[in-house]
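The next block holds one structure in the form of structure tokens; read it before the comments.
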Amino acid sequence: MQHILKTTEDGSHTLYVPELDEHYHSTHGAIQESLHVYLEAGLHHCDKSEINLLEIGFGTGLNAFLTLLDTEKSGKTVKYTTLERYPVSITEAKMFNYSKLLDPSQEVKFIQLHSSPWEEWVEITPDFHLKKLQMDIKGLDKFQQGTAFDVIYYDAFAPEKQPGMWTQEIFSQLYTLSNQGAVLTTYCAKGAVRRILQSAGYRVERLPGPPGKREILQAVK
């Protein structure tokens, strides 16, 4: 897919995909959206000291980078599994300004998120271990029996752009792959998505959204 680098309203970068007429993040602010939707409503909702986290849609690596930075402050350990069918190139990754805006001293670690090998665990820091899987959501059934996640970042493209990413089957699988008390968060607050999550077994709550978005969804097992 072709990508065009764009700057969002909080000064942070996103990518625009002409083929889908879709941005990777909110144009109102990529960093502030990720912090609000995934860290504040997701990661910070989990009180475990060791967290098994699944991300659907690695994208620009912003959610992973923010989570890594958070572990350095919180002292928590995160095992971060992420799925991405179409990874961005290292050249593109080096253009993103996330470390410049958040912590310039962490640029090497941000690039390492993108350059680390796929399909295996990599220790980025003692408290942040990364496993990138180059596959689409249909590969969920390949996870080993007994795999259990505490936090799920659901960051796929919007349902009207990729409806196959927002099906009952997928969210029922995610429910099965979750520990009791696990939290799933997504920027998409559409009624159809909320009902699918509820049908999967989740207790779903609408939360206030980041700037430019009225609501987000938080689903708890």
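Residue names in the structure tokens use chain letters A, B, ... in the order shown, residue numbers from 1 in each chain, and ligand numbers from 1 in the order shown.
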Subject >> Nearby residues (only C-alpha atoms) at most 12 Å from Ala93 of chain A, same-chain spacing under 6 positions excluded, as a ChimeraX atom specification >> reply: /A:3,5,13-15,58-62,65,87,99,107-115
**OP:** Extract, using only C-alpha atoms, all DNA, RNA and protein residues at most 12 Å from Ala182 of chain A, discarding same-chain residues fewer than 4 positions from it, and format them as JSON, numbers by chain.
**Re:** {"A": [41, 42, 43, 44, 45, 46, 47, 48, 51, 52, 53, 54, 148, 149, 150, 151, 152, 153, 174, 175, 176, 177, 178, 201, 202, 203, 204, 218, 219, 220, 221]}
Original post:
Residues at most 12 Å from Arg206 of chain A, counting only C-alpha atoms, excluding those fewer than 5 positions away in the same chain, as a ChimeraX atom specification?
Top reply: /A:37,41,185-191,193-195,197,213-220
**OP:** Going by DSSP on the backbone, which bits of segment 16-211 of chain A are alpha helix (DSSP H)? Write them as a PyMOL selection string, please.
**Re:** chain A and resi 30-34+62-74+90-93+98-102+107-115+168-176+191-200
**OP:** Excluding Val122 of chain A and residues on its chain fewer than 5 positions from it, collect all residues at most 10 Å away from it, counting only C-alpha atoms, and give them as number ranges by chain.
**Re:** A: 79-80, 112-113, 116-117, 128-132
**OP:** Considering only C-alpha atoms, state which residue in the set A:Thr7, A:Thr125, A:Gln134, A:Ser105 is at the smallest distance from Thr82 of chain A.
**Re:**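 Closest candidate: A:Gln134.
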